[in-house]
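Below you'll find the structure, written out as structure tokens, and then a few comments.
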Amino acid sequence: MTALEWRNKGRFVTVFGRKIFVIDTSANVNSSNSEKEIIVLLHGYPTSTYDYYKVLPQLSEKYRVILHDHLGFGFSDKPLDYSYSLIEQADIALQLWKQLDLKAVTLLAHDYGTSVGTEILARHNRQQLDLQINTLLLCNGSIHIELSQLRTIQKLLKNKYTGKWVAKLTSYALFSKNLRNVYFDKTKATEKELVEIWKQLEHNNGRAVIHLLSAYMVERYTFWHRWVGALKETSIPTKIIWAKKDPVAVAEIAALLATEIPNNKLYWIKNCGHFPMLECPEEWASLVLN
């Protein structure tokens with residue numbers, strides 16, 4: 001699927017004065033879809049909702065699926081005058097879901113999205129939301145940042161001195177090499193697919209903000225107790241779906257989460273890297289749906 005075809009599946013919703021790209025499967029099929037359970041998806045860094053393009057058809061069979069590009073990602077606005085805090089990304093997600101009149105959801109988060117998700121969970125635990133989260137699904141995110149094996153380019157981008165310059169020098173060749181390296185089976189990161197992912201990163205002058213987005217790695221340390229604490233406190237049934245060969249959000253993170261979250265089940269995808277919904281879509285979707 002091309003980036004343009006993906007864009008045509010969605011629409012733009014204005015949230016706090018910013019245009020957010022949203023796909024809501026209830027808008028694409030007959031009205032019976034509105035009777036389905038709702039699943040909201042939070043995507044990773046530095047990609048977009050396009051991460052889920054291979055699994056959307058399967059998920060749509062069971063759920064009304066709602067997914068959006070975080071501010072600064074994909075087709076959403078990419079303002080230069082913005083903090084790109086994970087706290088604010090949670091604000092945007094919650095306000096979007098409020099505008100869509102969602103009352104109860106299954107929440108699925110991957111990578112960067114897991115930090116947005118745990119901020120939302122912290123508020124849910126304190127009964128600060130008008131939203132019921134029925135089930136939580138966590139997938140390959142560096143929630144325990146102290147265990148994460150960050151890539152060199154991630155370290156350079158989050159550095160306040162080098163980040164801006166590395167962002168300017170980032171090219172498709174560098175980007176595709178780094179993305180391919182987080183796959184277990186690198187042949188599954190096809191050139192065609194990587195080009196479409198790159199187009200969305202570049203959209204709206206995206207390279208100008210990528211170093212700003214990278215500050216989330218610092219926030220994972222700053223809010224460690226709040227976000228890991230939220231998982232330790234939650235009573236929401238939680239499913240941990242983890243690609244075991246992820247070189248960044250390593251298997252040790254999932255194993256530790258399984259000892260900390262009160263009501264959880266851990267499922268491994270054995271020979272798969274950081275983006276299981278792209279590399280092993282059928283197995284990943286099956287675990288989500290079952």
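Naming works like this for the structure tokens: A, B, ... for the chains as they're shown, residue 1 at the start of each chain, ligands 1 onward in shown order.
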request  = Find the residues near A:Asp24: any atom within 12 Å, counting only C-alpha atoms, skip ones fewer than 4 places away on the same chain, and give them as a PyMOL selection string.
outcome  = chain A and resi 7-13+28-29+33-34+38-41+49+56+59-60+63-68+96-97+100+102
message = Using only C-alpha atoms, which protein or nucleic acid residues come within 10 Å of A:Leu213? Drop anything in the same chain fewer than 6 positions from it, and give the result as a ChimeraX atom specification.
response = /A:45-46,71-73,78,82-86,112,157-158
request  = Please report, as a list in words, each residue of stretch 95-146 of chain A to which DSSP assigns helix (DSSP H, G or I) when run on this structure's backbone.
outcome  =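 Across stretch 95-146 of chain A, those assigned helix (DSSP H, G or I) are Gln95, Leu96, Trp97, Lys98, Gln99, Tyr112, Gly113, Thr114, Ser115, Val116, Gly117, Thr118, Glu119, Ile120, Leu121, Ala122, Arg123, His124, Asn125, Ile145 and Glu146 of chain A.
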Atom CA of A:Ser142 to atom CA of A:Pro262, straight-line distance in Å =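 A separation of 19.1 Å between them.
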For A:Leu129, please output as a PDB file with C-alpha atoms, in the first residue's frame all residues within 12 Å (counting only C-alpha atoms; exclusion window: fewer than 4 positions along the same chain).
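What follows is the written file result_8.pdb:
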```pdb
ATOM      1  CA  ALA A  90      -1.637  11.969  25.688  1.00  0.00           C
ATOM      2  CA  ASP A  91      -3.698  15.177  25.903  1.00  0.00           C
ATOM      3  CA  LEU A  94      -7.691  11.837  24.862  1.00  0.00           C
ATOM      4  CA  GLN A  95      -9.210  14.959  23.346  1.00  0.00           C
ATOM      5  CA  TRP A  97     -11.279  10.282  21.499  1.00  0.00           C
ATOM      6  CA  LYS A  98     -13.571  12.679  23.367  1.00  0.00           C
ATOM      7  CA  LEU A 102     -15.717   7.248  22.728  1.00  0.00           C
ATOM      8  CA  LYS A 103     -16.837   5.873  26.087  1.00  0.00           C
ATOM      9  CA  ALA A 104     -15.087   2.509  26.399  1.00  0.00           C
ATOM     10  CA  GLU A 119       0.465   8.411  30.824  1.00  0.00           C
ATOM     11  CA  ILE A 120      -3.178   7.802  29.914  1.00  0.00           C
ATOM     12  CA  LEU A 121      -3.185   4.820  32.273  1.00  0.00           C
ATOM     13  CA  ALA A 122      -1.826   6.950  35.148  1.00  0.00           C
ATOM     14  CA  ARG A 123      -4.797   9.293  34.715  1.00  0.00           C
ATOM     15  CA  HIS A 124      -7.206   6.367  34.407  1.00  0.00           C
ATOM     16  CA  ASN A 125      -5.917   4.941  37.686  1.00  0.00           C
ATOM     17  CA  ILE A 133     -10.266   1.224  29.290  1.00  0.00           C
TER      18      ILE A 133
END
```
request  = Excluding A:Thr190 and residues on its chain fewer than 6 positions from it, collect all residues at most 12 Å away from it, counting only C-alpha atoms, and give them as a ChimeraX atom specification.
outcome  = /A:176-177,179-180,183,196-197,278-279
ask   = Pick the closest to A:Val228 from A:Ala109, A:Cys139, A:Val288, A:Ile253: which is it, counting only C-alpha atoms?
value =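 For A:Val228, the nearest of the candidates is A:Ile253.
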message = Between atom CA of A:Asp51 and atom CA of A:Trp268, what is the distance in Å, rounded to a tenth?
response = 19.1 Å
